[in-house]
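K.L.:
For reference, the file target_0.pdb (PDB, C-alpha atoms) is included below:
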MODEL        1
ATOM      1  CA  MET A 290      19.902  -3.849   2.928
ATOM      2  CA  HIS A 291      21.860  -2.573   5.912
ATOM      3  CA  ILE A 292      21.828  -4.465   9.159
ATOM      4  CA  ASP A 293      21.635  -2.390  12.319
ATOM      5  CA  TRP A 294      24.384  -4.145  14.280
ATOM      6  CA  LEU A 295      23.846  -1.885  17.292
ATOM      7  CA  THR A 296      20.291  -3.062  17.947
ATOM      8  CA  PHE A 297      20.555  -6.614  16.556
ATOM      9  CA  THR A 298      20.323  -9.121  19.451
ATOM     10  CA  PRO A 299      20.644 -12.632  17.988
ATOM     11  CA  ILE A 300      21.403 -14.518  21.213
ATOM     12  CA  PRO A 301      18.743 -13.032  23.558
ATOM     13  CA  SER A 302      16.207 -13.177  20.722
ATOM     14  CA  LEU A 303      16.945 -16.828  20.005
ATOM     15  CA  LEU A 304      16.784 -17.636  23.727
ATOM     16  CA  GLY A 305      13.545 -15.664  24.138
ATOM     17  CA  GLY A 306      12.145 -17.450  21.087
ATOM     18  CA  VAL A 307      12.976 -20.839  22.614
ATOM     19  CA  ILE A 308      11.112 -19.782  25.784
ATOM     20  CA  LEU A 309       8.091 -18.757  23.683
ATOM     21  CA  GLY A 310       8.184 -22.143  21.956
ATOM     22  CA  VAL A 311       8.420 -23.987  25.276
ATOM     23  CA  ALA A 312       5.420 -22.020  26.598
ATOM     24  CA  ALA A 313       3.372 -22.826  23.491
ATOM     25  CA  VAL A 314       4.211 -26.547  23.675
ATOM     26  CA  LEU A 315       3.525 -26.739  27.431
ATOM     27  CA  TYR A 316       0.221 -25.021  26.810
ATOM     28  CA  VAL A 317      -1.028 -27.489  24.227
ATOM     29  CA  LEU A 318       0.244 -30.436  26.270
ATOM     30  CA  LEU A 319      -1.235 -29.332  29.604
ATOM     31  CA  HIS A 320      -4.348 -27.479  28.465
ATOM     32  CA  GLY A 321      -4.977 -28.786  24.970
ATOM     33  CA  ARG A 322      -5.183 -25.346  23.403
ATOM     34  CA  ILE A 323      -3.311 -23.103  21.008
ATOM     35  CA  LEU A 324      -1.479 -20.336  22.863
ATOM     36  CA  GLY A 325      -2.946 -17.563  20.724
ATOM     37  CA  ILE A 326      -3.155 -14.352  22.695
ATOM     38  CA  SER A 327      -5.720 -12.577  20.478
ATOM     39  CA  GLY A 328      -8.146 -15.501  20.703
ATOM     40  CA  ILE A 329      -7.674 -15.870  24.451
ATOM     41  CA  VAL A 330      -8.327 -12.140  24.973
ATOM     42  CA  SER A 331     -11.271 -11.884  22.567
ATOM     43  CA  GLY A 332     -12.963 -14.800  24.344
ATOM     44  CA  LEU A 333     -13.156 -12.583  27.430
ATOM     45  CA  MET A 334     -15.635 -10.229  25.833
ATOM     46  CA  HIS A 335     -18.515 -12.628  25.395
ATOM     47  CA  PRO A 336     -17.693 -15.100  28.113
ATOM     48  CA  ILE A 337     -19.358 -18.461  28.302
ATOM     49  CA  GLN A 338     -19.971 -19.911  31.766
ATOM     50  CA  GLY A 339     -16.821 -21.613  33.047
ATOM     51  CA  ASP A 340     -14.743 -20.332  30.155
ATOM     52  CA  ARG A 341     -13.510 -17.109  31.707
ATOM     53  CA  ALA A 342     -11.246 -17.768  34.713
ATOM     54  CA  TRP A 343      -8.424 -19.431  32.756
ATOM     55  CA  ARG A 344      -8.341 -16.600  30.236
ATOM     56  CA  ILE A 345      -8.105 -13.947  32.987
ATOM     57  CA  VAL A 346      -5.403 -15.902  34.804
ATOM     58  CA  LEU A 347      -3.280 -16.284  31.669
ATOM     59  CA  VAL A 348      -3.556 -12.550  30.910
ATOM     60  CA  LEU A 349      -2.548 -11.863  34.532
ATOM     61  CA  GLY A 350       0.551 -13.961  33.894
ATOM     62  CA  LEU A 351       1.483 -11.756  30.929
ATOM     63  CA  LEU A 352       0.732  -8.602  32.937
ATOM     64  CA  THR A 353       2.888  -9.615  35.906
ATOM     65  CA  ALA A 354       5.780 -10.946  33.803
ATOM     66  CA  PRO A 355       7.638  -7.584  33.827
ATOM     67  CA  LEU A 356       7.386  -7.379  37.629
ATOM     68  CA  LEU A 357       8.586 -10.974  38.095
ATOM     69  CA  ALA A 358      11.385 -10.465  35.537
ATOM     70  CA  ALA A 359      12.570  -7.470  37.566
ATOM     71  CA  LEU A 360      12.254  -9.244  40.927
ATOM     72  CA  PHE A 361      13.829 -12.590  40.083
ATOM     73  CA  PHE A 362      16.086 -11.969  37.105
ATOM     74  CA  GLU A 363      16.781  -8.253  37.422
ATOM     75  CA  ILE A 364      15.644  -7.790  33.840
ATOM     76  CA  ARG A 365      13.741  -4.625  33.032
ATOM     77  CA  PRO A 366      11.867  -4.714  29.753
ATOM     78  CA  ILE A 367      12.722  -1.935  27.322
ATOM     79  CA  VAL A 368       9.492  -0.559  25.893
ATOM     80  CA  GLN A 369       9.864   2.366  23.546
ATOM     81  CA  ILE A 370       6.611   3.470  21.930
ATOM     82  CA  ASP A 371       7.291   6.084  19.258
ATOM     83  CA  ALA A 372       3.758   6.173  17.845
ATOM     84  CA  ASP A 373       1.580   9.111  18.892
ATOM     85  CA  TRP A 374      -1.808   8.664  20.571
ATOM     86  CA  PHE A 375      -3.770   8.763  17.335
ATOM     87  CA  ALA A 376      -1.513   6.148  15.749
ATOM     88  CA  VAL A 377      -1.759   3.943  18.860
ATOM     89  CA  ILE A 378      -5.568   4.001  18.715
ATOM     90  CA  LEU A 379      -5.675   3.348  14.961
ATOM     91  CA  ALA A 380      -3.148   0.524  15.328
ATOM     92  CA  GLY A 381      -5.178  -1.032  18.148
ATOM     93  CA  LEU A 382      -8.385  -0.955  16.120
ATOM     94  CA  LEU A 383      -6.692  -2.568  13.108
ATOM     95  CA  VAL A 384      -4.868  -5.201  15.177
ATOM     96  CA  GLY A 385      -8.082  -6.095  17.033
ATOM     97  CA  PHE A 386     -10.245  -6.225  13.934
ATOM     98  CA  GLY A 387      -7.639  -8.019  11.833
ATOM     99  CA  SER A 388      -6.816 -10.704  14.388
ATOM    100  CA  GLN A 389     -10.505 -11.443  14.883
ATOM    101  CA  TYR A 390     -11.328 -11.499  11.151
ATOM    102  CA  GLY A 391      -8.178 -13.466  10.315
ATOM    103  CA  SER A 392      -8.592 -15.896  13.245
ATOM    104  CA  GLY A 393      -5.248 -15.215  14.907
ATOM    105  CA  CYS A 394      -2.190 -13.117  15.532
ATOM    106  CA  THR A 395       1.583 -13.415  15.801
ATOM    107  CA  SER A 396       1.361 -16.047  18.563
ATOM    108  CA  GLY A 397      -1.500 -18.234  17.307
ATOM    109  CA  HIS A 398      -0.665 -18.124  13.601
ATOM    110  CA  GLY A 399       3.006 -17.152  13.799
ATOM    111  CA  ILE A 400       4.432 -19.357  16.524
ATOM    112  CA  CYS A 401       1.872 -22.142  17.016
ATOM    113  CA  GLY A 402       0.534 -22.317  13.465
ATOM    114  CA  LEU A 403       3.932 -22.529  11.788
ATOM    115  CA  SER A 404       4.985 -25.141  14.369
ATOM    116  CA  ARG A 405       1.924 -27.199  13.426
ATOM    117  CA  LEU A 406       2.725 -26.755   9.730
ATOM    118  CA  SER A 407      -0.749 -25.299   9.244
ATOM    119  CA  PRO A 408      -1.247 -23.982   5.695
ATOM    120  CA  ARG A 409      -3.753 -21.395   6.975
ATOM    121  CA  SER A 410      -1.255 -20.044   9.480
ATOM    122  CA  LEU A 411       1.521 -19.921   6.879
ATOM    123  CA  VAL A 412      -0.706 -17.795   4.619
ATOM    124  CA  ALA A 413      -1.742 -15.617   7.579
ATOM    125  CA  THR A 414       1.871 -15.121   8.737
ATOM    126  CA  LEU A 415       3.078 -14.203   5.243
ATOM    127  CA  SER A 416       0.114 -11.827   4.881
ATOM    128  CA  PHE A 417       0.733  -9.899   8.096
ATOM    129  CA  MET A 418       4.488  -9.797   7.530
ATOM    130  CA  VAL A 419       4.056  -8.329   4.037
ATOM    131  CA  ALA A 420       1.438  -5.853   5.292
ATOM    132  CA  GLY A 421       3.783  -4.860   8.135
ATOM    133  CA  PHE A 422       6.749  -4.303   5.784
ATOM    134  CA  LEU A 423       4.603  -2.245   3.396
ATOM    135  CA  THR A 424       3.023  -0.168   6.167
ATOM    136  CA  VAL A 425       6.382   0.812   7.670
ATOM    137  CA  PHE A 426       7.749   1.580   4.200
ATOM    138  CA  VAL A 427       4.783   3.824   3.313
ATOM    139  CA  LEU A 428       4.782   5.579   6.699
ATOM    140  CA  ARG A 429       8.526   6.209   6.810
ATOM    141  CA  TYR A 430       9.517   6.751   3.185
ATOM    142  CA  VAL A 431       6.399   7.701   1.217
ATOM    143  CA  ILE A 432       4.546   9.852   3.752
ATOM    144  CA  GLY A 433       7.766  10.569   5.642
ATOM    145  CA  LEU A 434       6.546  10.362   9.242
TER     146      LEU A 434
ATOM    147  CA  MET B 213      -7.851 -29.496  43.357
ATOM    148  CA  LYS B 214      -6.734 -30.318  39.868
ATOM    149  CA  LYS B 215      -8.751 -27.345  38.676
ATOM    150  CA  HIS B 216      -6.706 -25.009  40.852
ATOM    151  CA  PHE B 217      -3.441 -26.522  39.666
ATOM    152  CA  GLY B 218      -4.769 -26.032  36.152
ATOM    153  CA  LEU B 219      -5.396 -22.339  36.752
ATOM    154  CA  PHE B 220      -1.990 -21.930  38.381
ATOM    155  CA  SER B 221      -0.438 -23.601  35.370
ATOM    156  CA  GLN B 222      -2.293 -21.160  33.078
ATOM    157  CA  TYR B 223      -0.813 -18.316  35.120
ATOM    158  CA  LEU B 224       2.723 -19.723  34.975
ATOM    159  CA  ILE B 225       2.510 -20.242  31.218
ATOM    160  CA  GLY B 226       1.339 -16.633  30.884
ATOM    161  CA  VAL B 227       4.383 -15.540  32.900
ATOM    162  CA  LEU B 228       6.703 -17.766  30.855
ATOM    163  CA  PHE B 229       5.346 -16.394  27.580
ATOM    164  CA  GLY B 230       5.727 -12.856  28.942
ATOM    165  CA  LEU B 231       9.329 -13.574  29.949
ATOM    166  CA  GLY B 232       9.996 -14.926  26.461
ATOM    167  CA  LEU B 233       8.662 -11.703  24.946
ATOM    168  CA  ILE B 234      10.766  -9.574  27.318
ATOM    169  CA  ILE B 235      14.020 -11.531  26.869
ATOM    170  CA  SER B 236      13.621 -11.746  23.092
ATOM    171  CA  GLY B 237      13.100  -7.970  22.938
ATOM    172  CA  MET B 238       9.693  -8.396  21.288
ATOM    173  CA  SER B 239       7.901  -6.463  24.023
ATOM    174  CA  ASN B 240       9.593  -3.375  22.603
ATOM    175  CA  PRO B 241       7.589  -1.878  19.696
ATOM    176  CA  GLN B 242      10.667  -0.031  18.471
ATOM    177  CA  LYS B 243      12.394  -3.373  17.919
ATOM    178  CA  ILE B 244       9.420  -4.718  15.938
ATOM    179  CA  LEU B 245       9.447  -1.616  13.738
ATOM    180  CA  GLY B 246      13.220  -2.009  13.331
ATOM    181  CA  PHE B 247      12.519  -5.446  11.858
ATOM    182  CA  LEU B 248       9.672  -4.253   9.629
ATOM    183  CA  ASP B 249      11.793  -1.391   8.248
ATOM    184  CA  LEU B 250      13.609  -3.250   5.478
ATOM    185  CA  ALA B 251      14.664  -0.054   3.719
ATOM    186  CA  GLY B 252      16.306   1.539   6.747
ATOM    187  CA  LEU B 253      18.785   0.205   9.272
ATOM    188  CA  TRP B 254      17.388  -3.306   9.606
ATOM    189  CA  ASP B 255      17.162  -5.277  12.875
ATOM    190  CA  PRO B 256      16.795  -8.999  11.995
ATOM    191  CA  SER B 257      16.237 -10.069  15.643
ATOM    192  CA  LEU B 258      12.616 -11.170  15.043
ATOM    193  CA  ILE B 259      13.837 -13.871  12.657
ATOM    194  CA  PHE B 260      15.872 -15.372  15.497
ATOM    195  CA  VAL B 261      12.844 -15.248  17.797
ATOM    196  CA  MET B 262      10.743 -17.141  15.256
ATOM    197  CA  LEU B 263      13.574 -19.568  14.611
ATOM    198  CA  GLY B 264      13.902 -20.437  18.315
ATOM    199  CA  ALA B 265      10.146 -20.639  18.873
ATOM    200  CA  VAL B 266       9.293 -22.667  15.783
ATOM    201  CA  LEU B 267      12.188 -25.126  16.195
ATOM    202  CA  VAL B 268      10.950 -25.957  19.694
ATOM    203  CA  GLY B 269       7.341 -25.835  18.480
ATOM    204  CA  LEU B 270       7.897 -28.216  15.564
ATOM    205  CA  GLY B 271       9.255 -30.891  17.895
ATOM    206  CA  GLY B 272       6.704 -30.241  20.610
ATOM    207  CA  PHE B 273       3.615 -30.170  18.420
ATOM    208  CA  TYR B 274       4.822 -33.283  16.602
ATOM    209  CA  VAL B 275       4.973 -35.178  19.904
ATOM    210  CA  VAL B 276       1.605 -33.803  21.026
ATOM    211  CA  ARG B 277      -0.266 -34.368  17.740
ATOM    212  CA  LYS B 278      -1.718 -37.783  18.604
ATOM    213  CA  ARG B 279      -2.855 -36.967  22.104
ATOM    214  CA  THR B 280      -6.607 -36.919  22.554
ATOM    215  CA  GLU B 281      -6.743 -35.427  26.024
ATOM    216  CA  ALA B 282      -4.987 -32.549  27.719
ATOM    217  CA  PHE B 283      -2.972 -33.206  30.888
ATOM    218  CA  PHE B 284      -5.360 -31.144  33.008
ATOM    219  CA  GLY B 285      -8.335 -32.899  31.433
ATOM    220  CA  GLY B 286     -10.676 -32.047  28.609
ATOM    221  CA  ALA B 287     -10.410 -32.655  24.901
ATOM    222  CA  MET B 288      -7.740 -31.077  22.732
ATOM    223  CA  HIS B 289      -8.983 -27.862  21.138
ATOM    224  CA  LEU B 290      -6.817 -27.798  18.049
ATOM    225  CA  PRO B 291      -7.910 -26.051  14.848
ATOM    226  CA  LYS B 292      -8.787 -28.474  12.068
ATOM    227  CA  ARG B 293      -9.587 -26.086   9.260
ATOM    228  CA  ARG B 294      -7.273 -26.089   6.274
ATOM    229  CA  ASP B 295      -9.180 -23.855   3.863
ATOM    230  CA  ILE B 296      -7.525 -20.631   2.764
ATOM    231  CA  THR B 297     -10.286 -18.028   2.881
ATOM    232  CA  LYS B 298     -10.653 -14.341   2.090
ATOM    233  CA  PRO B 299     -11.272 -13.375   5.736
ATOM    234  CA  LEU B 300      -8.035 -15.176   6.694
ATOM    235  CA  ILE B 301      -5.989 -13.171   4.202
ATOM    236  CA  ILE B 302      -7.808  -9.824   4.513
ATOM    237  CA  GLY B 303      -7.879 -10.055   8.309
ATOM    238  CA  SER B 304      -4.161 -10.866   8.454
ATOM    239  CA  LEU B 305      -3.323  -7.993   6.076
ATOM    240  CA  ILE B 306      -5.304  -5.580   8.288
ATOM    241  CA  PHE B 307      -3.587  -7.019  11.368
ATOM    242  CA  GLY B 308      -0.197  -6.495   9.718
ATOM    243  CA  ALA B 309      -1.026  -2.874   8.862
ATOM    244  CA  GLY B 310      -1.893  -2.170  12.502
ATOM    245  CA  TRP B 311       1.236  -4.023  13.623
ATOM    246  CA  GLY B 312       3.334  -1.829  11.321
ATOM    247  CA  ILE B 313       1.797   1.421  12.598
ATOM    248  CA  ALA B 314       2.692   1.092  16.288
ATOM    249  CA  GLY B 315       4.850  -2.065  16.478
ATOM    250  CA  PHE B 316       2.415  -3.683  18.895
ATOM    251  CA  CYS B 317       0.645  -7.020  18.686
ATOM    252  CA  PRO B 318      -1.612  -8.410  21.447
ATOM    253  CA  GLY B 319       0.891 -10.294  23.662
ATOM    254  CA  PRO B 320       3.615  -7.614  23.798
ATOM    255  CA  ALA B 321       0.991  -4.897  24.401
ATOM    256  CA  ILE B 322      -0.262  -6.734  27.505
ATOM    257  CA  VAL B 323       3.336  -7.112  28.751
ATOM    258  CA  ALA B 324       3.989  -3.400  28.084
ATOM    259  CA  LEU B 325       0.853  -2.537  30.069
ATOM    260  CA  GLY B 326       2.232  -4.653  32.908
ATOM    261  CA  ALA B 327       5.417  -2.598  32.702
ATOM    262  CA  GLY B 328       3.279   0.502  33.258
ATOM    263  CA  HIS B 329       2.922   2.037  29.810
ATOM    264  CA  LEU B 330      -0.271   4.056  29.358
ATOM    265  CA  LYS B 331      -0.081   3.897  25.555
ATOM    266  CA  ALA B 332      -0.209   0.097  25.776
ATOM    267  CA  PHE B 333      -3.428   0.431  27.760
ATOM    268  CA  VAL B 334      -4.955   2.710  25.118
ATOM    269  CA  PHE B 335      -3.803   0.314  22.391
ATOM    270  CA  LEU B 336      -5.464  -2.620  24.167
ATOM    271  CA  VAL B 337      -8.761  -0.755  24.648
ATOM    272  CA  ALA B 338      -8.766   0.090  20.920
ATOM    273  CA  MET B 339      -7.864  -3.534  20.132
ATOM    274  CA  LEU B 340     -10.847  -4.828  22.121
ATOM    275  CA  ALA B 341     -13.034  -2.299  20.284
ATOM    276  CA  GLY B 342     -11.685  -3.560  16.955
ATOM    277  CA  MET B 343     -12.445  -7.153  17.938
ATOM    278  CA  GLU B 344     -15.952  -6.140  18.985
ATOM    279  CA  ILE B 345     -16.582  -4.326  15.689
ATOM    280  CA  CYS B 346     -15.573  -7.491  13.858
ATOM    281  CA  GLU B 347     -17.820  -9.637  16.057
ATOM    282  CA  ARG B 348     -20.822  -7.343  15.641
ATOM    283  CA  PHE B 349     -20.668  -6.600  11.944
ATOM    284  CA  PHE B 350     -18.456  -9.183  10.265
ATOM    285  CA  SER B 351     -19.053 -12.414  12.137
ATOM    286  CA  ALA B 352     -20.963 -14.044   9.258
ATOM    287  CA  HIS B 353     -17.648 -15.569   8.155
ATOM    288  CA  LYS B 354     -17.399 -17.565  11.344
ATOM    289  CA  LYS B 355     -17.086 -21.283  10.974
ATOM    290  CA  PRO B 356     -16.081 -23.768  13.624
ATOM    291  CA  ILE B 357     -12.326 -24.098  13.834
TER     292      ILE B 357
ENDMDL
END
Can the structure from this file be put into structure tokens for me?

P.N.:
Amino acid sequence: MHIDWLTFTPIPSLLGGVILGVAAVLYVLLHGRILGISGIVSGLMHPIQGDRAWRIVLVLGLLTAPLLAALFFEIRPIVQIDADWFAVILAGLLVGFGSQYGSGCTSGHGICGLSRLSPRSLVATLSFMVAGFLTVFVLRYVIGL
Amino acid sequence: MKKHFGLFSQYLIGVLFGLGLIISGMSNPQKILGFLDLAGLWDPSLIFVMLGAVLVGLGGFYVVRKRTEAFFGGAMHLPKRRDITKPLIIGSLIFGAGWGIAGFCPGPAIVALGAGHLKAFVFLVAMLAGMEICERFFSAHKKPI
């Protein structure tokens, strides 16, 4: 195993992680819910009366974060998407289906679930990590994309 | 009035979570793929993100665990299930495969859309379609959480 020291960012990543943890804890304390982005988004598709506004507002927060980061902190997010259009669509379908079928994603299972010591979330997190490692290995070294 | 503060708080938490993703580098799919590529030049940053988030989360969720009501009112909506099911594992494996293809999961994709990336938009449309396919054809697994 070779560590890529040029791209490795331990300090900003730890700091960003702490911010994610603070957001998740504030969310459960103030709103009594798990900050799981896939669940919050999927609830928008078959909205129940009175259950929509908060979901839209939270998504708006995520959407405007890059603008606010640029305005107030002069941070511009680096977003490099190497996947082609076909891969982006396939990935979206799998991520959407999988998060719905598996009841969560990297935020709900990964951050909140592990913090709650949930056995379900531990199994889910290990499952998507292993699948992610295998997928990148197959794509890059077996198929050679 | 409290309702409006509640919505504003939802927005701010969305922004905070988005900032966490930006600062940690997790809004960049290339960085996610750098972590998932164990065989290549490996970027361990994601471990530091999880470390920061879960350390804060462990403390926070421990303090919150006995609360019965959220600050902005309403009952706590915390998952109570502890059963490890096939949909949990299969869904998470499928999620992980999609995650490994493009390096996107739901939260970072929304942030990347906010930063103006068209591919993030296409990913999110496909993700919603994937969620809908699951709802329509595979929702028999659904149990109350």

K.L.:
Kindly give the distance, in Å, that separates atom CA of Phe422 of chain A and atom CA of Gly312 of chain B, rounded to a single decimal.

P.N.:
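About the pair atom CA of Phe422 of chain A and atom CA of Gly312 of chain B: they are 7.0 Å apart.
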
K.L.:
Pick from A:Ala372, A:Val412, A:Met334, A:Leu403: nearest to Ala341 of chain B, with all atoms listed in the file counted?

P.N.:
A:Met334

K.L.:
Pick out the closest residue to Leu295 of chain A from this set: B:Ser221, B:Ser304, B:Thr280, B:Ser257. Count only C-alpha atoms.

P.N.:
B:Ser257

K.L.:
Could you list the residues chosen by the PyMOL selection byres ((chain B and resi 303) around 9) in this structure as a PyMOL selection string?

P.N.:
(chain A and resi 383-384+386-393+413+416-417) or (chain B and resi 298-302+304-308)

K.L.:
Skipping near chain neighbours, those fewer than 2 positions away, what residues fall within 12 Å of Trp294 of chain A using all atoms listed in the file, listed as a ChimeraX atom specification?

P.N.:
/A:291-292,296-299 /B:246,253-257

K.L.:
For segment 286-295 of chain B, find every residue with an atom within 9 Å (counting only C-alpha atoms), except residues of its own chain fewer than 6 positions away, and show them as a PyMOL selection string.

P.N.:
(chain A and resi 317-318+320-323+407-409) or (chain B and resi 279-280+356-357)

K.L.:
Using all atoms listed in the file, give me every residue within 10 Å of (-7.3, -14.3, 33.5) in file coordinates, as a PyMOL selection string.

P.N.:
(chain A and resi 329-330+333+341-352) or (chain B and resi 219+222-223+226)

K.L.:
Using only C-alpha atoms, which of A:Ile370, A:Leu309, A:Ala354, A:Leu428 sits nearest Ser404 of chain A?

P.N.:
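Distance minimum relative to Ser404 of chain A lands on A:Leu309.
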
K.L.:
Taking all atoms of segment 379-382 of chain A that the file lists and extending 8 Å past them on each side, where is the centre of the axis-aligned box and how long are its edges? Answer in Å to one decimal, as lines of an AutoDock Vina configuration file.

P.N.:
center_x = -5.8
center_y = 1.2
center_z = 16.6
size_x = 21.2
size_y = 20.4
size_z = 19.2

K.L.:
Mind listing as number ranges by chain all residues within 12 Å of (3.6, -17.3, 16.5), counting all atoms listed in the file?

P.N.:
A: 306-307, 309-310, 312-314, 323-327, 393-407, 410-411, 413-415, 417-418; B: 229, 233, 238, 258-259, 261-270, 317-319

K.L.:
What is the distance, in Å and to one decimal place, between atom CA of Pro366 of chain A and atom CA of Ala332 of chain B?

P.N.:
13.6 Å

K.L.:
Between B:Phe333, B:Phe283, B:Phe217, B:Phe316, which residue has the minimum interatomic distance to Leu319 of chain A, considering only C-alpha atoms?

P.N.:
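Nearest to Leu319 of chain A: B:Phe283.
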
K.L.:
Between A:Leu434, A:Val427, A:Ile364, A:Pro336, which residue has the minimum interatomic distance to Pro301 of chain A, considering all atoms listed in the file?

P.N.:
A:Ile364

K.L.:
Take atom CA of Ser239 of chain B and atom CA of Pro320 of chain B and report the distance between them in Å, one decimal.

P.N.:
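Atom-to-atom, atom CA of Ser239 of chain B and atom CA of Pro320 of chain B are spaced 4.4 Å apart.
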
K.L.:
Give me the residues within 9 Å of Gln242 of chain B as a VMD selection string, counting only C-alpha atoms and dropping any in the same chain fewer than 6 places off.

P.N.:
(chain A and resid 368 to 371) or (chain B and resid 314 to 315)

K.L.:
N, CA and C atoms for segment 235-251 of chain B, written as a compact mmCIF listing (two decimals), in the coordinates of the input, could you do that?

P.N.:
# COMPACT_ATOMS: atom_id res chain seq x y z
N ILE B 235 12.63 -11.15 27.13
CA ILE B 235 14.02 -11.53 26.87
C ILE B 235 14.33 -11.42 25.38
N SER B 236 13.37 -11.79 24.54
CA SER B 236 13.62 -11.75 23.09
C SER B 236 13.64 -10.30 22.56
N GLY B 237 13.15 -9.37 23.38
CA GLY B 237 13.10 -7.97 22.94
C GLY B 237 11.81 -7.63 22.22
N MET B 238 10.90 -8.62 22.08
CA MET B 238 9.69 -8.40 21.29
C MET B 238 8.63 -7.58 22.02
N SER B 239 8.85 -7.34 23.31
CA SER B 239 7.90 -6.46 24.02
C SER B 239 8.21 -4.99 23.74
N ASN B 240 9.22 -4.75 22.96
CA ASN B 240 9.59 -3.38 22.60
C ASN B 240 9.13 -3.04 21.17
N PRO B 241 8.10 -2.20 21.03
CA PRO B 241 7.59 -1.88 19.70
C PRO B 241 8.67 -1.34 18.75
N GLN B 242 9.63 -0.60 19.32
CA GLN B 242 10.67 -0.03 18.47
C GLN B 242 11.48 -1.13 17.78
N LYS B 243 11.63 -2.26 18.48
CA LYS B 243 12.39 -3.37 17.92
C LYS B 243 11.60 -4.07 16.81
N ILE B 244 10.28 -4.15 16.98
CA ILE B 244 9.42 -4.72 15.94
C ILE B 244 9.50 -3.84 14.68
N LEU B 245 9.40 -2.53 14.89
CA LEU B 245 9.45 -1.62 13.74
C LEU B 245 10.82 -1.65 13.08
N GLY B 246 11.87 -1.87 13.88
CA GLY B 246 13.22 -2.01 13.33
C GLY B 246 13.33 -3.21 12.41
N PHE B 247 12.55 -4.26 12.72
CA PHE B 247 12.52 -5.45 11.86
C PHE B 247 11.70 -5.18 10.60
N LEU B 248 10.57 -4.48 10.77
CA LEU B 248 9.67 -4.25 9.63
C LEU B 248 10.22 -3.21 8.66
N ASP B 249 11.22 -2.43 9.10
CA ASP B 249 11.79 -1.39 8.25
C ASP B 249 12.95 -1.95 7.41
N LEU B 250 12.59 -2.61 6.32
CA LEU B 250 13.61 -3.25 5.48
C LEU B 250 14.49 -2.22 4.78
N ALA B 251 13.93 -1.04 4.50
CA ALA B 251 14.66 -0.05 3.72
C ALA B 251 15.63 0.77 4.57
